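Asks: What follows is the file coords04.cif, containing mmCIF, C-alpha atoms and all ligand atoms; chains and numbers go by the auth columns:
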```cif
data_final
loop_
_atom_site.group_PDB
_atom_site.id
_atom_site.type_symbol
_atom_site.label_atom_id
_atom_site.label_comp_id
_atom_site.label_asym_id
_atom_site.label_seq_id
_atom_site.Cartn_x
_atom_site.Cartn_y
_atom_site.Cartn_z
_atom_site.B_iso_or_equiv
_atom_site.auth_seq_id
_atom_site.auth_asym_id
ATOM 1 C CA MET A 1 0.000 0.000 0.000 0.00 1 A
ATOM 2 C CA SER A 2 1.534 3.349 -1.027 0.00 2 A
ATOM 3 C CA LEU A 3 0.695 6.529 0.859 0.00 3 A
ATOM 4 C CA ALA A 4 0.069 10.012 -0.504 0.00 4 A
ATOM 5 C CA VAL A 5 0.017 13.251 1.451 0.00 5 A
ATOM 6 C CA GLY A 6 -3.527 13.766 2.770 0.00 6 A
ATOM 7 C CA ASP A 7 -4.275 10.031 3.194 0.00 7 A
ATOM 8 C CA LYS A 8 -5.690 8.868 6.513 0.00 8 A
ATOM 9 C CA ILE A 9 -4.250 5.972 8.549 0.00 9 A
ATOM 10 C CA ILE A 10 -5.677 4.391 11.681 0.00 10 A
ATOM 11 C CA PHE A 11 -3.410 4.156 14.726 0.00 11 A
ATOM 12 C CA LYS A 12 -4.797 1.412 16.980 0.00 12 A
ATOM 13 C CA ILE A 13 -3.144 2.168 20.311 0.00 13 A
ATOM 14 C CA GLN A 14 -3.141 0.116 23.490 0.00 14 A
ATOM 15 C CA ARG A 15 -4.367 2.212 26.402 0.00 15 A
ATOM 16 C CA PHE A 16 -3.913 1.457 30.095 0.00 16 A
ATOM 17 C CA SER A 17 -3.424 3.375 33.293 0.00 17 A
ATOM 18 C CA SER A 18 -1.949 1.540 36.263 0.00 18 A
ATOM 19 C CA ASP A 19 -3.820 4.042 38.479 0.00 19 A
ATOM 20 C CA THR A 20 -7.336 3.353 37.240 0.00 20 A
ATOM 21 C CA ASP A 21 -7.549 0.375 34.867 0.00 21 A
ATOM 22 C CA LYS A 22 -7.724 -3.366 35.523 0.00 22 A
ATOM 23 C CA LYS A 23 -6.877 -4.351 31.962 0.00 23 A
ATOM 24 C CA GLU A 24 -5.660 -2.874 28.691 0.00 24 A
ATOM 25 C CA HIS A 25 -7.921 -1.870 25.823 0.00 25 A
ATOM 26 C CA TYR A 26 -7.336 -0.419 22.343 0.00 26 A
ATOM 27 C CA GLU A 27 -8.458 2.926 21.003 0.00 27 A
ATOM 28 C CA ASP A 28 -8.464 3.930 17.323 0.00 28 A
ATOM 29 C CA TYR A 29 -7.250 7.328 16.118 0.00 29 A
ATOM 30 C CA GLU A 30 -7.320 8.719 12.598 0.00 30 A
ATOM 31 C CA VAL A 31 -3.952 10.181 11.625 0.00 31 A
ATOM 32 C CA GLU A 32 -3.428 12.340 8.548 0.00 32 A
ATOM 33 C CA TYR A 33 -0.347 11.553 6.469 0.00 33 A
ATOM 34 C CA ARG A 34 0.953 15.107 6.164 0.00 34 A
ATOM 35 C CA LYS A 35 4.394 14.775 4.590 0.00 35 A
ATOM 36 C CA ASP A 36 6.606 12.215 2.947 0.00 36 A
ATOM 37 C CA GLY A 37 8.975 10.797 5.522 0.00 37 A
ATOM 38 C CA MET A 38 6.427 11.151 8.332 0.00 38 A
ATOM 39 C CA MET A 39 7.385 8.986 11.305 0.00 39 A
ATOM 40 C CA ILE A 40 5.267 7.079 13.798 0.00 40 A
ATOM 41 C CA LEU A 41 6.318 9.666 16.399 0.00 41 A
ATOM 42 C CA ASP A 42 4.868 12.446 14.200 0.00 42 A
ATOM 43 C CA GLY A 43 1.572 10.531 14.162 0.00 43 A
ATOM 44 C CA LEU A 44 1.591 10.113 17.948 0.00 44 A
ATOM 45 C CA ASN A 45 2.290 13.828 18.371 0.00 45 A
ATOM 46 C CA GLN A 46 -0.590 14.642 15.999 0.00 46 A
ATOM 47 C CA ILE A 47 -2.933 12.567 18.172 0.00 47 A
ATOM 48 C CA ARG A 48 -1.697 13.994 21.460 0.00 48 A
ATOM 49 C CA TRP A 49 -1.613 17.612 20.328 0.00 49 A
ATOM 50 C CA GLU A 50 -4.824 17.649 18.296 0.00 50 A
ATOM 51 C CA GLN A 51 -7.111 14.856 19.499 0.00 51 A
ATOM 52 C CA ASP A 52 -6.325 13.337 22.872 0.00 52 A
ATOM 53 C CA GLY A 53 -3.917 14.967 25.311 0.00 53 A
ATOM 54 C CA THR A 54 -4.225 12.015 27.696 0.00 54 A
ATOM 55 C CA LEU A 55 -2.205 9.689 25.427 0.00 55 A
ATOM 56 C CA SER A 56 1.125 8.968 27.128 0.00 56 A
ATOM 57 C CA TYR A 57 4.416 7.962 25.484 0.00 57 A
ATOM 58 C CA ARG A 58 8.066 8.856 26.009 0.00 58 A
ATOM 59 C CA ARG A 59 10.152 10.793 23.511 0.00 59 A
ATOM 60 C CA SER A 60 12.845 13.399 23.628 0.00 60 A
ATOM 61 C CA CYS A 61 15.387 13.757 20.819 0.00 61 A
ATOM 62 C CA ARG A 62 13.108 12.622 17.938 0.00 62 A
ATOM 63 C CA GLU A 63 16.171 11.513 15.977 0.00 63 A
ATOM 64 C CA GLY A 64 17.240 8.112 17.284 0.00 64 A
ATOM 65 C CA VAL A 65 19.625 9.293 19.965 0.00 65 A
ATOM 66 C CA CYS A 66 17.885 9.245 23.355 0.00 66 A
ATOM 67 C CA GLY A 67 16.325 5.776 23.047 0.00 67 A
ATOM 68 C CA SER A 68 13.244 6.755 25.039 0.00 68 A
ATOM 69 C CA ASP A 69 10.529 5.862 22.522 0.00 69 A
ATOM 70 C CA GLY A 70 10.897 2.110 22.138 0.00 70 A
ATOM 71 C CA MET A 71 7.497 0.523 21.493 0.00 71 A
ATOM 72 C CA ASN A 72 5.931 -2.385 19.654 0.00 72 A
ATOM 73 C CA ILE A 73 4.647 -1.327 16.225 0.00 73 A
ATOM 74 C CA ASN A 74 2.707 -3.863 14.168 0.00 74 A
ATOM 75 C CA GLY A 75 4.277 -6.626 16.244 0.00 75 A
ATOM 76 C CA VAL A 76 7.885 -5.462 15.970 0.00 76 A
ATOM 77 C CA ASN A 77 9.874 -3.502 18.551 0.00 77 A
ATOM 78 C CA MET A 78 11.109 -0.185 17.153 0.00 78 A
ATOM 79 C CA VAL A 79 11.757 3.403 18.214 0.00 79 A
ATOM 80 C CA SER A 80 8.887 5.525 16.936 0.00 80 A
ATOM 81 C CA CYS A 81 11.044 8.412 15.706 0.00 81 A
ATOM 82 C CA MET A 82 13.003 6.126 13.351 0.00 82 A
ATOM 83 C CA THR A 83 9.992 4.294 11.920 0.00 83 A
ATOM 84 C CA HIS A 84 8.602 5.642 8.671 0.00 84 A
ATOM 85 C CA ILE A 85 4.833 5.241 8.474 0.00 85 A
ATOM 86 C CA SER A 86 5.126 4.495 4.748 0.00 86 A
ATOM 87 C CA ASP A 87 7.514 1.563 5.382 0.00 87 A
ATOM 88 C CA LEU A 88 4.808 -0.278 7.331 0.00 88 A
ATOM 89 C CA LYS A 89 2.613 -0.496 4.215 0.00 89 A
ATOM 90 C CA SER A 90 -0.485 -0.776 6.358 0.00 90 A
ATOM 91 C CA SER A 91 -3.630 1.342 6.690 0.00 91 A
ATOM 92 C CA VAL A 92 -4.045 0.219 10.323 0.00 92 A
ATOM 93 C CA ILE A 93 -0.992 0.464 12.568 0.00 93 A
ATOM 94 C CA THR A 94 -1.181 -1.296 15.938 0.00 94 A
ATOM 95 C CA ILE A 95 0.986 0.189 18.668 0.00 95 A
ATOM 96 C CA ARG A 96 1.643 -1.393 22.077 0.00 96 A
ATOM 97 C CA PRO A 97 4.193 -0.724 24.811 0.00 97 A
ATOM 98 C CA LEU A 98 7.381 -2.792 24.779 0.00 98 A
ATOM 99 C CA PRO A 99 6.473 -6.378 25.775 0.00 99 A
ATOM 100 C CA GLY A 100 7.827 -7.752 29.018 0.00 100 A
ATOM 101 C CA PHE A 101 7.913 -4.563 31.064 0.00 101 A
ATOM 102 C CA PRO A 102 5.289 -3.362 33.564 0.00 102 A
ATOM 103 C CA ILE A 103 3.068 -0.665 32.036 0.00 103 A
ATOM 104 C CA VAL A 104 2.794 2.639 33.846 0.00 104 A
ATOM 105 C CA LYS A 105 0.455 4.309 31.371 0.00 105 A
ATOM 106 C CA ASP A 106 -0.339 3.644 27.703 0.00 106 A
ATOM 107 C CA LEU A 107 3.044 3.294 25.918 0.00 107 A
ATOM 108 C CA VAL A 108 5.118 4.216 28.980 0.00 108 A
ATOM 109 C CA CYS A 109 6.738 1.258 30.750 0.00 109 A
ATOM 110 C CA ASP A 110 8.509 1.061 34.070 0.00 110 A
ATOM 111 C CA MET A 111 12.171 0.724 33.020 0.00 111 A
ATOM 112 C CA THR A 112 13.611 0.488 36.554 0.00 112 A
ATOM 113 C CA ASP A 113 14.602 -3.176 36.255 0.00 113 A
ATOM 114 C CA PHE A 114 16.079 -2.613 32.780 0.00 114 A
ATOM 115 C CA PHE A 115 18.335 0.214 33.983 0.00 115 A
ATOM 116 C CA ASN A 116 19.252 -1.585 37.217 0.00 116 A
ATOM 117 C CA LYS A 117 20.609 -4.412 35.049 0.00 117 A
ATOM 118 C CA TYR A 118 22.549 -1.895 32.977 0.00 118 A
ATOM 119 C CA TYR A 119 24.223 -0.497 36.114 0.00 119 A
ATOM 120 C CA VAL A 120 25.130 -4.039 37.275 0.00 120 A
ATOM 121 C CA VAL A 121 27.622 -4.408 34.399 0.00 121 A
ATOM 122 C CA LYS A 122 29.531 -1.254 35.442 0.00 122 A
ATOM 123 C CA PRO A 123 28.899 0.754 32.261 0.00 123 A
ATOM 124 C CA TYR A 124 31.893 3.040 32.646 0.00 124 A
ATOM 125 C CA LEU A 125 35.669 2.865 32.312 0.00 125 A
ATOM 126 C CA VAL A 126 37.250 1.555 35.515 0.00 126 A
ATOM 127 C CA GLU A 127 40.546 3.233 36.443 0.00 127 A
ATOM 128 C CA LYS A 128 43.134 1.544 38.650 0.00 128 A
ATOM 129 C CA THR A 129 46.321 3.292 37.593 0.00 129 A
ATOM 130 C CA PRO A 130 46.789 7.038 38.047 0.00 130 A
ATOM 131 C CA PRO A 131 45.681 8.990 34.998 0.00 131 A
ATOM 132 C CA PRO A 132 48.469 10.100 32.670 0.00 132 A
ATOM 133 C CA GLY A 133 49.246 13.806 32.445 0.00 133 A
ATOM 134 C CA GLU A 134 46.946 14.136 29.464 0.00 134 A
ATOM 135 C CA GLU A 135 44.166 11.927 28.126 0.00 135 A
ATOM 136 C CA ARG A 136 44.277 8.113 28.043 0.00 136 A
ATOM 137 C CA LEU A 137 45.178 7.482 24.442 0.00 137 A
ATOM 138 C CA GLN A 138 43.791 4.693 22.316 0.00 138 A
ATOM 139 C CA SER A 139 45.061 3.477 18.950 0.00 139 A
ATOM 140 C CA ILE A 140 42.783 3.783 15.934 0.00 140 A
ATOM 141 C CA GLU A 141 42.798 -0.015 15.749 0.00 141 A
ATOM 142 C CA ASP A 142 41.621 -0.378 19.359 0.00 142 A
ATOM 143 C CA ARG A 143 39.023 2.353 18.909 0.00 143 A
ATOM 144 C CA ASN A 144 37.646 0.532 15.876 0.00 144 A
ATOM 145 C CA LYS A 145 36.971 -2.535 18.049 0.00 145 A
ATOM 146 C CA LEU A 146 34.143 -0.555 19.666 0.00 146 A
ATOM 147 C CA ASN A 147 32.318 0.075 16.397 0.00 147 A
ATOM 148 C CA GLY A 148 29.020 -1.771 16.322 0.00 148 A
ATOM 149 C CA ILE A 149 28.632 -1.756 20.115 0.00 149 A
ATOM 150 C CA TYR A 150 29.189 1.805 21.354 0.00 150 A
ATOM 151 C CA GLU A 151 26.181 3.093 19.376 0.00 151 A
ATOM 152 C CA CYS A 152 23.599 1.526 21.724 0.00 152 A
ATOM 153 C CA ILE A 153 20.926 4.053 22.734 0.00 153 A
ATOM 154 C CA LEU A 154 19.412 1.896 25.511 0.00 154 A
ATOM 155 C CA CYS A 155 16.024 1.753 23.842 0.00 155 A
ATOM 156 C CA ALA A 156 15.371 -1.760 25.281 0.00 156 A
ATOM 157 C CA CYS A 157 13.930 -3.029 21.977 0.00 157 A
ATOM 158 C CA CYS A 158 16.354 -5.979 22.090 0.00 158 A
ATOM 159 C CA SER A 159 15.789 -7.055 25.697 0.00 159 A
ATOM 160 C CA SER A 160 12.040 -6.709 25.231 0.00 160 A
ATOM 161 C CA SER A 161 12.156 -9.107 22.272 0.00 161 A
ATOM 162 C CA CYS A 162 14.340 -11.737 23.981 0.00 162 A
ATOM 163 C CA PRO A 163 12.587 -14.967 25.099 0.00 163 A
ATOM 164 C CA SER A 164 15.321 -15.607 27.684 0.00 164 A
ATOM 165 C CA TYR A 165 14.694 -12.140 29.128 0.00 165 A
ATOM 166 C CA TRP A 166 10.975 -12.881 29.447 0.00 166 A
ATOM 167 C CA ALA A 167 11.631 -16.313 31.006 0.00 167 A
ATOM 168 C CA ASP A 168 14.313 -15.341 33.509 0.00 168 A
ATOM 169 C CA PRO A 169 13.570 -12.188 35.492 0.00 169 A
ATOM 170 C CA ASP A 170 17.209 -12.076 36.601 0.00 170 A
ATOM 171 C CA TYR A 171 18.770 -12.379 33.123 0.00 171 A
ATOM 172 C CA LEU A 172 20.829 -9.264 32.404 0.00 172 A
ATOM 173 C CA GLY A 173 19.599 -9.284 28.813 0.00 173 A
ATOM 174 C CA PRO A 174 21.116 -8.283 25.465 0.00 174 A
ATOM 175 C CA SER A 175 21.139 -4.546 26.137 0.00 175 A
ATOM 176 C CA ALA A 176 23.096 -4.724 29.402 0.00 176 A
ATOM 177 C CA LEU A 177 25.416 -7.322 27.849 0.00 177 A
ATOM 178 C CA ILE A 178 26.255 -5.378 24.687 0.00 178 A
ATOM 179 C CA ASN A 179 27.046 -2.433 26.953 0.00 179 A
ATOM 180 C CA ALA A 180 29.231 -4.681 29.092 0.00 180 A
ATOM 181 C CA ALA A 181 31.073 -5.706 25.903 0.00 181 A
ATOM 182 C CA ARG A 182 31.563 -2.055 25.032 0.00 182 A
ATOM 183 C CA PHE A 183 33.728 -1.668 28.159 0.00 183 A
ATOM 184 C CA VAL A 184 35.314 -5.148 28.245 0.00 184 A
ATOM 185 C CA LEU A 185 36.621 -4.561 24.700 0.00 185 A
ATOM 186 C CA ASP A 186 37.867 -1.040 25.468 0.00 186 A
ATOM 187 C CA SER A 187 41.689 -1.011 25.611 0.00 187 A
ATOM 188 C CA ARG A 188 41.584 1.735 28.272 0.00 188 A
ATOM 189 C CA ASP A 189 39.445 -0.191 30.755 0.00 189 A
ATOM 190 C CA GLU A 190 41.135 -1.631 33.841 0.00 190 A
ATOM 191 C CA GLY A 191 38.086 -3.365 35.291 0.00 191 A
ATOM 192 C CA LYS A 192 37.715 -6.290 32.894 0.00 192 A
ATOM 193 C CA ASP A 193 38.153 -9.053 35.443 0.00 193 A
ATOM 194 C CA GLU A 194 35.568 -7.783 37.911 0.00 194 A
ATOM 195 C CA ARG A 195 33.141 -7.091 35.071 0.00 195 A
ATOM 196 C CA LEU A 196 33.684 -10.563 33.554 0.00 196 A
ATOM 197 C CA ASP A 197 33.125 -12.131 36.998 0.00 197 A
ATOM 198 C CA ILE A 198 29.702 -10.464 37.074 0.00 198 A
ATOM 199 C CA LEU A 199 28.869 -11.650 33.555 0.00 199 A
ATOM 200 C CA ASN A 200 30.078 -15.225 34.141 0.00 200 A
ATOM 201 C CA ASP A 201 26.795 -16.303 35.688 0.00 201 A
ATOM 202 C CA LYS A 202 23.717 -18.327 34.756 0.00 202 A
ATOM 203 C CA HIS A 203 21.798 -15.028 34.662 0.00 203 A
ATOM 204 C CA GLY A 204 24.631 -13.407 32.698 0.00 204 A
ATOM 205 C CA VAL A 205 26.152 -14.389 29.354 0.00 205 A
ATOM 206 C CA TRP A 206 25.256 -18.063 29.763 0.00 206 A
ATOM 207 C CA ARG A 207 21.502 -17.360 29.718 0.00 207 A
ATOM 208 C CA CYS A 208 21.691 -16.360 26.047 0.00 208 A
ATOM 209 C CA HIS A 209 20.474 -19.245 23.893 0.00 209 A
ATOM 210 C CA THR A 210 21.408 -17.610 20.588 0.00 210 A
ATOM 211 C CA ILE A 211 17.802 -17.273 19.481 0.00 211 A
ATOM 212 C CA THR A 212 18.854 -13.952 17.874 0.00 212 A
ATOM 213 C CA ASN A 213 15.496 -12.160 18.268 0.00 213 A
ATOM 214 C CA CYS A 214 17.542 -9.245 19.556 0.00 214 A
ATOM 215 C CA ILE A 215 19.309 -8.586 16.245 0.00 215 A
ATOM 216 C CA PRO A 216 16.363 -7.577 14.018 0.00 216 A
ATOM 217 C CA ALA A 217 14.850 -5.690 16.975 0.00 217 A
ATOM 218 C CA CYS A 218 17.729 -3.208 17.154 0.00 218 A
ATOM 219 C CA PRO A 219 16.956 0.134 15.474 0.00 219 A
ATOM 220 C CA LYS A 220 20.697 0.924 15.375 0.00 220 A
ATOM 221 C CA GLU A 221 21.436 -2.330 13.519 0.00 221 A
ATOM 222 C CA LEU A 222 23.693 -3.625 16.290 0.00 222 A
ATOM 223 C CA ASN A 223 24.276 -7.303 16.983 0.00 223 A
ATOM 224 C CA PRO A 224 23.902 -8.112 20.698 0.00 224 A
ATOM 225 C CA THR A 225 24.169 -11.867 20.008 0.00 225 A
ATOM 226 C CA LYS A 226 27.668 -11.415 18.542 0.00 226 A
ATOM 227 C CA ALA A 227 28.715 -9.198 21.462 0.00 227 A
ATOM 228 C CA ILE A 228 27.464 -11.818 23.945 0.00 228 A
ATOM 229 C CA ALA A 229 29.362 -14.553 22.067 0.00 229 A
ATOM 230 C CA GLU A 230 32.538 -12.448 22.288 0.00 230 A
ATOM 231 C CA LEU A 231 32.031 -12.061 26.032 0.00 231 A
ATOM 232 C CA GLN A 232 31.533 -15.833 26.376 0.00 232 A
ATOM 233 C CA GLN A 233 34.738 -16.473 24.436 0.00 233 A
ATOM 234 C CA THR A 234 36.656 -13.952 26.535 0.00 234 A
ATOM 235 C CA ILE A 235 35.448 -15.609 29.742 0.00 235 A
ATOM 236 C CA VAL A 236 36.382 -19.107 28.507 0.00 236 A
ATOM 237 C CA SER A 237 39.802 -18.066 27.191 0.00 237 A
ATOM 238 C CA ARG A 238 40.514 -16.248 30.481 0.00 238 A
ATOM 239 C CA LYS A 239 40.269 -19.587 32.300 0.00 239 A
ATOM 240 C CA TYR A 240 43.016 -21.246 30.287 0.00 240 A
HETATM 241 S S1 LIG B . 20.451 -14.074 21.068 0.00 301 B
HETATM 242 FE FE1 LIG B . 20.552 -14.165 23.264 0.00 301 B
HETATM 243 S S2 LIG B . 20.166 -12.111 23.950 0.00 301 B
HETATM 244 FE FE2 LIG B . 19.514 -12.220 21.779 0.00 301 B
HETATM 245 S S3 LIG B . 17.357 -12.701 21.885 0.00 301 B
HETATM 246 FE FE3 LIG B . 18.421 -14.597 21.804 0.00 301 B
HETATM 247 S S4 LIG B . 18.726 -15.248 23.932 0.00 301 B
HETATM 248 FE FE4 LIG B . 18.196 -13.096 23.904 0.00 301 B
HETATM 249 S S1 LIG B . 21.416 -2.918 21.445 0.00 302 B
HETATM 250 FE FE1 LIG B . 20.047 -1.879 19.992 0.00 302 B
HETATM 251 S S2 LIG B . 17.994 -2.572 20.615 0.00 302 B
HETATM 252 FE FE2 LIG B . 19.345 -3.022 22.303 0.00 302 B
HETATM 253 S S3 LIG B . 19.152 -1.279 23.660 0.00 302 B
HETATM 254 FE FE3 LIG B . 20.929 -0.920 22.323 0.00 302 B
HETATM 255 S S4 LIG B . 20.135 0.258 20.613 0.00 302 B
HETATM 256 FE FE4 LIG B . 18.363 -0.618 21.651 0.00 302 B
HETATM 257 S S1 LIG B . 12.808 10.229 20.538 0.00 303 B
HETATM 258 FE FE1 LIG B . 14.883 9.846 21.045 0.00 303 B
HETATM 259 S S2 LIG B . 15.309 7.952 20.083 0.00 303 B
HETATM 260 FE FE2 LIG B . 13.293 8.418 19.451 0.00 303 B
#
```
Represent the supplied structure as structure tokens.

Replies:
Amino acid sequence: MSLAVGDKIIFKIQRFSSDTDKKEHYEDYEVEYRKDGMMILDGLNQIRWEQDGTLSYRRSCREGVCGSDGMNINGVNMVSCMTHISDLKSSVITIRPLPGFPIVKDLVCDMTDFFNKYYVVKPYLVEKTPPPGEERLQSIEDRNKLNGIYECILCACCSSSCPSYWADPDYLGPSALINAARFVLDSRDEGKDERLDILNDKHGVWRCHTITNCIPACPKELNPTKAIAELQQTIVSRKY
């Protein structure tokens, strides 16, 4: 289905308030396709600003940087500001909050557990030696090892699509693990061993069953499965 400016699309949005509702329901909104390149976030803003100010969703940067607008769109996790309405080729677009997280209101989930797991992996460079007079230098080769992992925007689309994450409430999940890899593989980090000890756990890297749902879910085209496999290899090779 191709879209032309002026066409109408239905957004079927899951509504729920943890304050007042016992169960979720869907409401339909008519959205006008106003410009080529219009994103799902533009449609949500149109609804909130012109039809229903009670609709809740997170967003900030509107350009794929802040990671706050992860949601499930026509059955696939995506960030709304990077999802072209025209790419969905559908006159009815169903939007739900990210699966697997408690809903606070409408498309807003409680991300406390997700971020607690992120902090568990120590997502920062650990320093043990005194800093040099100037910056800690890194070769171009070592810097390039971080490509494909440092770009994570913590949108949670991967963890929310991971069956192991749904099944094991203590599993760190692909997002925390790709961020762990970002620091384990950083030549400047001096905290590898303590970080790998945390990851070497049945709720850490070994919970990944290589189902790879997390790869197509990533709006930044990262590969958490590969990063987790690299962490597993690093842990195994450390033992010998
Ligand atoms: S590959 Fe691992 S982390 Fe990714 S979805 Fe599968 S189990 Fe989850
Ligand atoms: S790895 Fe991709 S899907 Fe997962 S949190 Fe980072 S940006 Fe989002
Ligand atoms: S609004 Fe920031 S990533 Fe979409």

Asks: For the PyMOL selection byres (((chain A and resi 183) around 10) and not hetatm), applied here, can you spell out every residue it catches as a VMD selection string?

Replies: chain A and resid 121 to 126 146 149 to 150 178 to 182 184 to 192 195

Asks: List all protein, DNA and RNA residues that have any atom at most 9 Å from ligand LIG 301 (chain B), counting all atoms listed in the file, and write the list as a PyMOL selection string.

Replies: chain A and resi 158-165+172-175+177+205-215+217+223-226+228-229

Asks: Give the residues close to ligand LIG 302 (chain B), within 6 Å, counting all atoms listed in the file; write them as a PyMOL selection string.

Replies: chain A and resi 152-158+175+217-220+222+224

Asks: Using the chain letters and numbers from this file, what does the PyMOL selection byres (((chain A and resi 47-51) around 12) and not hetatm) select? Give the answer as an MDAnalysis selection string.

Replies: chainID A and resid 9:13 27:32 40:46 52:58

Asks: Go ahead and compute the interatomic distance for atom FE2 of ligand LIG 303 (chain B) and atom CA of A:Gly70, in Å to one decimal.

Replies: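 Here the two named atoms are 7.3 Å from each other.
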
Asks: Check which residues fall inside 8 Å of ligand LIG 303 (chain B) when counting all atoms listed in the file, and print them as a VMD selection string.

Replies: chain A and resid 41 58 to 70 79 to 82 153 155

Asks: For atom CA of A:Ser90 and atom CA of A:Met38, quote the distance in Å rounded to one decimal.

Replies: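 About the pair atom CA of A:Ser90 and atom CA of A:Met38: they are 13.9 Å apart.
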
Asks: Kindly give the distance, in Å, that separates atom CA of A:Leu231 and atom CA of A:Ala176, rounded to a single decimal.

Replies: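 About the pair atom CA of A:Leu231 and atom CA of A:Ala176: they are 12.0 Å apart.
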
Asks: When distances are computed from all atoms listed in the file, which of A:Asn74, A:His84, A:Val104, A:Val236 shows the smallest separation from A:Glu24?

Replies: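 Of all the options, A:Val104 lies closest to A:Glu24.
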
Asks: Taking 2 positions as the minimum chain separation for residues in the same chain, which residues sit within 8 Å of stretch 111-115 of chain A when counting all atoms listed in the file? Answer as an MDAnalysis selection string.

Replies: chainID A and resid 101 109 117:119 156

Asks: List the neighbours of A:Asp87 out to 10 Å using all atoms listed in the file; skip same-chain residues closer than 3 positions along the sequence, and give me the result as a PyMOL selection string.

Replies: chain A and resi 1-3+37+39+83-84+90

Asks: Using the chain letters and numbers from this file, what does the PyMOL selection byres (((chain A and resi 5) around 10) and not hetatm) select? Give the answer as a PyMOL selection string.

Replies: chain A and resi 3-4+6-8+32-36+38

Asks: Find the spatial neighbours of A:Ser17, counting all atoms listed in the file, within a cut-off of 8 Å - ignore same-chain residues fewer than 6 positions away - and output them as a list in words.

Replies: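 Surrounding residues, per the criterion: Ile103, Val104, Lys105 and Asp106 of chain A.
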
Asks: So, counting only C-alpha atoms, which residue among A:Gln138, A:Thr94, A:Asn144, A:Asn116 is closest to A:His25?

Replies: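 The closest residue to A:His25 is A:Thr94.
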
Asks: Taking into account only C-alpha atoms, which residue in the set A:Glu141, A:Val120, A:Trp166, A:Val108 is nearest to A:Gly204?

Replies: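 Nearest to A:Gly204: A:Val120.
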
Asks: Kindly list the centre and edge lengths in Å, rounded to one decimal, for the axis-aligned box that covers all listed atoms of stretch 224-229 of chain A plus 4 Å on each of its six sides, as JSON.

Replies:
```
{"center_x": 26.6, "center_y": -11.3, "center_z": 21.2, "size_x": 13.5, "size_y": 14.4, "size_z": 13.4}
```
